[in-house]
file upload02.txt (compact mmCIF, N, CA and C atoms)
# COMPACT_ATOMS: atom_id res chain seq x y z
N MET V 165 52.24 68.07 0.65
CA MET V 165 51.16 68.76 -0.05
C MET V 165 51.09 70.19 0.47
N ASN V 166 50.98 71.12 -0.43
CA ASN V 166 50.89 72.53 -0.08
C ASN V 166 49.42 72.92 0.10
N PHE V 167 49.05 73.29 1.30
CA PHE V 167 47.66 73.61 1.62
C PHE V 167 47.31 75.09 1.40
N THR V 168 48.29 75.91 1.08
CA THR V 168 48.07 77.36 0.99
C THR V 168 46.93 77.75 0.06
N PRO V 169 46.87 77.25 -1.18
CA PRO V 169 45.76 77.67 -2.05
C PRO V 169 44.39 77.25 -1.52
N TYR V 170 44.35 76.10 -0.87
CA TYR V 170 43.09 75.61 -0.33
C TYR V 170 42.64 76.43 0.88
N VAL V 171 43.59 76.79 1.71
CA VAL V 171 43.28 77.60 2.89
C VAL V 171 42.85 79.00 2.46
N VAL V 172 43.52 79.55 1.45
CA VAL V 172 43.14 80.88 0.94
C VAL V 172 41.73 80.84 0.36
N THR V 173 41.41 79.80 -0.38
CA THR V 173 40.06 79.66 -0.93
C THR V 173 39.03 79.53 0.18
N TRP V 174 39.36 78.74 1.21
CA TRP V 174 38.45 78.59 2.33
C TRP V 174 38.26 79.92 3.06
N MET V 175 39.34 80.67 3.23
CA MET V 175 39.23 81.97 3.89
C MET V 175 38.37 82.93 3.07
N PHE V 176 38.49 82.87 1.76
CA PHE V 176 37.66 83.70 0.90
C PHE V 176 36.19 83.34 1.09
N LEU V 177 35.88 82.04 1.13
CA LEU V 177 34.49 81.61 1.37
C LEU V 177 33.99 82.11 2.72
N ALA V 178 34.84 82.02 3.74
CA ALA V 178 34.44 82.47 5.07
C ALA V 178 34.19 83.98 5.07
N LEU V 179 35.00 84.74 4.35
CA LEU V 179 34.79 86.18 4.27
C LEU V 179 33.50 86.53 3.52
N VAL V 180 33.17 85.75 2.50
CA VAL V 180 31.92 85.97 1.78
C VAL V 180 30.73 85.71 2.71
N VAL V 181 30.81 84.65 3.51
CA VAL V 181 29.74 84.35 4.47
C VAL V 181 29.60 85.48 5.48
N LEU V 182 30.72 85.97 6.00
CA LEU V 182 30.67 87.08 6.94
C LEU V 182 30.13 88.35 6.28
N GLY V 183 30.50 88.57 5.03
CA GLY V 183 29.98 89.72 4.30
C GLY V 183 28.48 89.63 4.09
N LEU V 184 27.99 88.43 3.78
CA LEU V 184 26.54 88.25 3.63
C LEU V 184 25.82 88.48 4.95
N ALA V 185 26.41 88.04 6.04
CA ALA V 185 25.79 88.27 7.35
C ALA V 185 25.71 89.76 7.66
N LEU V 186 26.78 90.48 7.36
CA LEU V 186 26.78 91.92 7.57
C LEU V 186 25.78 92.62 6.66
N TYR V 187 25.73 92.19 5.39
CA TYR V 187 24.77 92.76 4.44
C TYR V 187 23.35 92.53 4.89
N ARG V 188 23.06 91.32 5.39
CA ARG V 188 21.72 91.01 5.89
C ARG V 188 21.37 91.89 7.08
N LYS V 189 22.34 92.11 7.95
CA LYS V 189 22.12 92.97 9.12
C LYS V 189 21.81 94.40 8.67
N LEU V 190 22.56 94.89 7.69
CA LEU V 190 22.32 96.25 7.20
C LEU V 190 20.96 96.38 6.52
N ILE V 191 20.56 95.36 5.77
CA ILE V 191 19.24 95.39 5.12
C ILE V 191 18.13 95.38 6.16
N SER V 192 18.28 94.53 7.17
CA SER V 192 17.20 94.38 8.15
C SER V 192 17.08 95.58 9.07
N MET V 193 18.05 96.47 9.08
CA MET V 193 17.94 97.67 9.90
C MET V 193 16.82 98.58 9.39
N GLY V 194 16.49 98.48 8.10
CA GLY V 194 15.42 99.29 7.53
C GLY V 194 14.04 98.71 7.78
N GLU V 195 13.97 97.56 8.41
CA GLU V 195 12.70 96.90 8.68
C GLU V 195 12.11 97.45 9.98
N ASP V 196 10.83 97.79 9.94
CA ASP V 196 10.23 98.37 11.14
C ASP V 196 9.58 97.32 12.04
N GLY V 197 9.37 96.11 11.56
CA GLY V 197 8.85 95.05 12.40
C GLY V 197 7.33 94.99 12.50
N PHE V 198 6.63 95.92 11.89
CA PHE V 198 5.17 95.92 11.92
C PHE V 198 4.64 95.47 10.57
N ILE V 199 3.54 94.75 10.60
CA ILE V 199 2.88 94.36 9.37
C ILE V 199 1.79 95.38 9.10
N HIS V 200 1.91 96.06 7.97
CA HIS V 200 0.95 97.10 7.62
C HIS V 200 -0.13 96.50 6.73
N ILE V 201 -1.34 96.40 7.28
CA ILE V 201 -2.43 95.83 6.51
C ILE V 201 -3.61 96.78 6.38
N SER V 202 -3.54 97.90 7.04
CA SER V 202 -4.66 98.85 6.96
C SER V 202 -4.35 99.95 5.96
N GLU V 203 -5.29 100.81 5.74
CA GLU V 203 -5.12 101.93 4.82
C GLU V 203 -4.06 102.92 5.30
N VAL V 204 -3.87 102.99 6.61
CA VAL V 204 -2.92 103.96 7.16
C VAL V 204 -1.50 103.65 6.72
N GLY V 205 -1.10 102.41 6.74
CA GLY V 205 0.26 102.04 6.38
C GLY V 205 0.38 101.37 5.04
N SER V 206 -0.61 101.52 4.18
CA SER V 206 -0.64 100.78 2.92
C SER V 206 0.49 101.18 1.97
N GLU V 207 1.03 102.38 2.10
CA GLU V 207 2.13 102.78 1.22
C GLU V 207 3.42 102.03 1.56
N ARG V 208 3.48 101.44 2.73
CA ARG V 208 4.68 100.70 3.16
C ARG V 208 4.65 99.23 2.73
N ILE V 209 3.50 98.73 2.31
CA ILE V 209 3.36 97.31 1.98
C ILE V 209 4.30 96.89 0.85
N PRO V 210 4.37 97.62 -0.28
CA PRO V 210 5.30 97.19 -1.33
C PRO V 210 6.76 97.18 -0.86
N HIS V 211 7.12 98.13 -0.03
CA HIS V 211 8.48 98.17 0.51
C HIS V 211 8.74 96.96 1.40
N GLN V 212 7.76 96.58 2.22
CA GLN V 212 7.92 95.41 3.08
C GLN V 212 8.04 94.13 2.27
N ILE V 213 7.27 94.02 1.20
CA ILE V 213 7.33 92.83 0.36
C ILE V 213 8.70 92.73 -0.30
N ALA V 214 9.20 93.85 -0.84
CA ALA V 214 10.51 93.85 -1.48
C ALA V 214 11.62 93.53 -0.47
N LEU V 215 11.51 94.08 0.71
CA LEU V 215 12.51 93.83 1.76
C LEU V 215 12.49 92.37 2.19
N ALA V 216 11.31 91.81 2.33
CA ALA V 216 11.19 90.40 2.73
C ALA V 216 11.79 89.49 1.66
N HIS V 217 11.56 89.81 0.39
CA HIS V 217 12.13 89.01 -0.70
C HIS V 217 13.66 89.11 -0.69
N LYS V 218 14.17 90.31 -0.51
CA LYS V 218 15.62 90.51 -0.49
C LYS V 218 16.25 89.75 0.68
N LEU V 219 15.61 89.79 1.84
CA LEU V 219 16.12 89.06 2.99
C LEU V 219 16.10 87.55 2.76
N ASP V 220 15.04 87.06 2.10
CA ASP V 220 14.96 85.63 1.80
C ASP V 220 16.10 85.18 0.90
N VAL V 221 16.40 85.98 -0.12
CA VAL V 221 17.48 85.64 -1.05
C VAL V 221 18.82 85.63 -0.32
N VAL V 222 19.08 86.66 0.47
CA VAL V 222 20.35 86.75 1.19
C VAL V 222 20.47 85.60 2.19
N GLU V 223 19.40 85.26 2.88
CA GLU V 223 19.43 84.14 3.84
C GLU V 223 19.68 82.81 3.15
N ARG V 224 19.05 82.60 1.98
CA ARG V 224 19.24 81.35 1.26
C ARG V 224 20.70 81.19 0.85
N TRP V 225 21.29 82.24 0.28
CA TRP V 225 22.69 82.20 -0.10
C TRP V 225 23.59 82.05 1.12
N GLY V 226 23.26 82.75 2.19
CA GLY V 226 24.06 82.68 3.40
C GLY V 226 24.07 81.28 4.00
N LYS V 227 22.92 80.66 4.07
CA LYS V 227 22.85 79.30 4.61
C LYS V 227 23.61 78.31 3.74
N SER V 228 23.42 78.43 2.43
CA SER V 228 24.11 77.51 1.52
C SER V 228 25.62 77.66 1.60
N LEU V 229 26.09 78.89 1.55
CA LEU V 229 27.54 79.12 1.61
C LEU V 229 28.12 78.77 2.98
N THR V 230 27.33 78.92 4.03
CA THR V 230 27.80 78.51 5.36
C THR V 230 28.02 77.01 5.40
N VAL V 231 27.10 76.25 4.86
CA VAL V 231 27.24 74.79 4.82
C VAL V 231 28.46 74.40 4.00
N VAL V 232 28.64 75.03 2.84
CA VAL V 232 29.79 74.72 1.99
C VAL V 232 31.10 75.07 2.71
N THR V 233 31.12 76.22 3.37
CA THR V 233 32.33 76.66 4.06
C THR V 233 32.69 75.74 5.21
N VAL V 234 31.70 75.35 6.00
CA VAL V 234 31.96 74.44 7.12
C VAL V 234 32.42 73.08 6.61
N ALA V 235 31.76 72.57 5.58
CA ALA V 235 32.15 71.26 5.02
C ALA V 235 33.56 71.31 4.45
N ALA V 236 33.89 72.38 3.74
CA ALA V 236 35.24 72.51 3.18
C ALA V 236 36.27 72.63 4.29
N GLY V 237 35.96 73.37 5.34
CA GLY V 237 36.89 73.50 6.46
C GLY V 237 37.13 72.17 7.15
N LEU V 238 36.06 71.42 7.36
CA LEU V 238 36.20 70.10 8.00
C LEU V 238 36.99 69.15 7.11
N LEU V 239 36.77 69.20 5.81
CA LEU V 239 37.51 68.36 4.88
C LEU V 239 38.99 68.72 4.88
N LEU V 240 39.29 70.02 4.82
CA LEU V 240 40.69 70.45 4.87
C LEU V 240 41.36 70.02 6.18
N ALA V 241 40.66 70.21 7.28
CA ALA V 241 41.23 69.83 8.57
C ALA V 241 41.48 68.33 8.64
N SER V 242 40.55 67.54 8.14
CA SER V 242 40.73 66.08 8.21
C SER V 242 41.87 65.62 7.30
N ILE V 243 42.00 66.22 6.13
CA ILE V 243 43.11 65.86 5.24
C ILE V 243 44.45 66.25 5.87
N TYR V 244 44.49 67.44 6.45
CA TYR V 244 45.72 67.90 7.10
C TYR V 244 46.09 66.99 8.28
N LEU V 245 45.13 66.68 9.11
CA LEU V 245 45.41 65.82 10.26
C LEU V 245 45.81 64.42 9.83
N SER V 246 45.21 63.93 8.76
CA SER V 246 45.59 62.63 8.23
C SER V 246 47.03 62.64 7.74
N GLN V 247 47.41 63.72 7.08
CA GLN V 247 48.78 63.83 6.59
C GLN V 247 49.78 63.92 7.75
N VAL V 248 49.44 64.68 8.77
CA VAL V 248 50.31 64.79 9.95
C VAL V 248 50.43 63.44 10.63
N TRP V 249 49.33 62.71 10.71
CA TRP V 249 49.32 61.39 11.32
C TRP V 249 50.23 60.43 10.54
N GLN V 250 50.12 60.46 9.21
CA GLN V 250 50.94 59.59 8.37
C GLN V 250 52.43 59.93 8.49
N GLU V 251 52.73 61.22 8.60
CA GLU V 251 54.13 61.63 8.78
C GLU V 251 54.66 61.15 10.13
N GLY V 252 53.82 61.13 11.13
CA GLY V 252 54.23 60.68 12.45
C GLY V 252 54.48 59.17 12.51
N LEU V 253 53.88 58.43 11.62
CA LEU V 253 54.05 56.98 11.60
C LEU V 253 55.30 56.53 10.88
N LYS V 254 55.91 57.43 10.07
CA LYS V 254 57.11 57.06 9.34
C LYS V 254 58.28 56.86 10.32
N PRO V 255 59.10 55.85 10.05
CA PRO V 255 60.25 55.63 10.92
C PRO V 255 61.29 56.74 10.77
N ILE V 256 61.95 57.05 11.84
CA ILE V 256 62.98 58.09 11.83
C ILE V 256 64.29 57.48 11.33
N GLY V 257 64.94 58.20 10.46
CA GLY V 257 66.26 57.76 10.06
C GLY V 257 66.28 57.30 8.68
call {"tool": "encode", "arguments": {"input": "upload02.txt", "output": "structure tokens"}}
result
Amino acid sequence: MNFTPYVVTWMFLALVVLGLALYRKLISMGEDGFIHISEVGSERIPHQIALAHKLDVVERWGKSLTVVTVAAGLLLASIYLSQVWQEGLKPIG
């Protein structure tokens, strides 16, 4: 069995997960960490709400794709190891 297309697909998924992690890091750099509830910082409230929503969406996708990527990697590894095991059991000659 040729595993190349499956490994390439898995690597693509892993790169997407890494890209989402980097994107989340870049988005969160604009976050100041303070909750503005008074009149002084009220102009920042809509920006904080939008940023929080964007972070929630990126985190949801990141978590889901991480689970899919890990499960696919474990499945590929188990199929590969099973195949190697079966090849090792065949008689020589």
call {"tool": "atom_distance", "arguments": {"input": "upload02.txt", "atom1": "CA of Leu253 (chain V)", "atom2": "CA of Pro169 (chain V)"}}
result
26.1 Å
call {"tool": "closest_residue", "arguments": {"input": "upload02.txt", "among": "V:Ile243, V:Leu238, V:Leu182, V:Val171", "to": "Trp225 (chain V)", "atoms": "only C-alpha atoms"}}
result
V:Leu182
call {"tool": "closest_residue", "arguments": {"input": "upload02.txt", "among": "V:Val234, V:Ile191, V:Leu245, V:Ala178", "to": "Leu215 (chain V)", "atoms": "all atoms listed in the file"}}
result
V:Ile191
call {"tool": "atom_distance", "arguments": {"input": "upload02.txt", "atom1": "atom C of Leu177 (chain V)", "atom2": "atom N of Ala216 (chain V)"}}
result
24.7 Å
call {"tool": "residues_around", "arguments": {"input": "upload02.txt", "residues": "Tyr170 (chain V)", "least_positions_apart": "5", "cutoff": "8 Å", "atoms": "only N, CA and C atoms", "output": "list in words"}}
result
Met175, Phe176 and Leu240 of chain V
call {"tool": "closest_residue", "arguments": {"input": "upload02.txt", "among": "V:Val172, V:Arg188, V:Leu179, V:Val248", "to": "Lys218 (chain V)", "atoms": "only N, CA and C atoms"}}
result
V:Arg188
call {"tool": "atom_distance", "arguments": {"input": "upload02.txt", "atom1": "atom C of Asp220 (chain V)", "atom2": "atom C of Thr233 (chain V)"}}
result
19.6 Å
call {"tool": "closest_residue", "arguments": {"input": "upload02.txt", "among": "V:Val181, V:Leu229, V:Ile213, V:Ala236", "to": "Glu195 (chain V)", "atoms": "only C-alpha atoms"}}
result
V:Ile213
call {"tool": "residues_around", "arguments": {"input": "upload02.txt", "residues": "Val222 (chain V)", "least_positions_apart": "4", "cutoff": "8 Å", "atoms": "all atoms listed in the file", "output": "PDB file with N, CA and C atoms, keeping the file's coordinate frame"}}
result
ATOM      1  N   LEU V 184      27.990  88.430   3.780  1.00  0.00           N
ATOM      2  CA  LEU V 184      26.540  88.250   3.630  1.00  0.00           C
ATOM      3  C   LEU V 184      25.820  88.480   4.950  1.00  0.00           C
ATOM      4  N   ALA V 185      26.410  88.040   6.040  1.00  0.00           N
ATOM      5  CA  ALA V 185      25.790  88.270   7.350  1.00  0.00           C
ATOM      6  C   ALA V 185      25.710  89.760   7.660  1.00  0.00           C
ATOM      7  N   TYR V 187      25.730  92.190   5.390  1.00  0.00           N
ATOM      8  CA  TYR V 187      24.770  92.760   4.440  1.00  0.00           C
ATOM      9  C   TYR V 187      23.350  92.530   4.890  1.00  0.00           C
ATOM     10  N   ARG V 188      23.060  91.320   5.390  1.00  0.00           N
ATOM     11  CA  ARG V 188      21.720  91.010   5.890  1.00  0.00           C
ATOM     12  C   ARG V 188      21.370  91.890   7.080  1.00  0.00           C
ATOM     13  N   ALA V 216      11.310  91.810   2.330  1.00  0.00           N
ATOM     14  CA  ALA V 216      11.190  90.400   2.730  1.00  0.00           C
ATOM     15  C   ALA V 216      11.790  89.490   1.660  1.00  0.00           C
ATOM     16  N   HIS V 217      11.560  89.810   0.390  1.00  0.00           N
ATOM     17  CA  HIS V 217      12.130  89.010  -0.700  1.00  0.00           C
ATOM     18  C   HIS V 217      13.660  89.110  -0.690  1.00  0.00           C
ATOM     19  N   LYS V 218      14.170  90.310  -0.510  1.00  0.00           N
ATOM     20  CA  LYS V 218      15.620  90.510  -0.490  1.00  0.00           C
ATOM     21  C   LYS V 218      16.250  89.750   0.680  1.00  0.00           C
ATOM     22  N   GLY V 226      23.260  82.750   2.190  1.00  0.00           N
ATOM     23  CA  GLY V 226      24.060  82.680   3.400  1.00  0.00           C
ATOM     24  C   GLY V 226      24.070  81.280   4.000  1.00  0.00           C
ATOM     25  N   LYS V 227      22.920  80.660   4.070  1.00  0.00           N
ATOM     26  CA  LYS V 227      22.850  79.300   4.610  1.00  0.00           C
ATOM     27  C   LYS V 227      23.610  78.310   3.740  1.00  0.00           C
ATOM     28  N   SER V 228      23.420  78.430   2.430  1.00  0.00           N
ATOM     29  CA  SER V 228      24.110  77.510   1.520  1.00  0.00           C
ATOM     30  C   SER V 228      25.620  77.660   1.600  1.00  0.00           C
TER      31      SER V 228
END
call {"tool": "select_by_dssp", "arguments": {"input": "upload02.txt", "residues": "chain V", "states": "helix (DSSP H, G or I)", "output": "ChimeraX atom specification"}}
result
/V:168-192,206-253
call {"tool": "closest_residue", "arguments": {"input": "upload02.txt", "among": "V:Trp249, V:Ile256, V:Gly237, V:Tyr244", "to": "Thr173 (chain V)", "atoms": "only C-alpha atoms"}}
result
V:Gly237
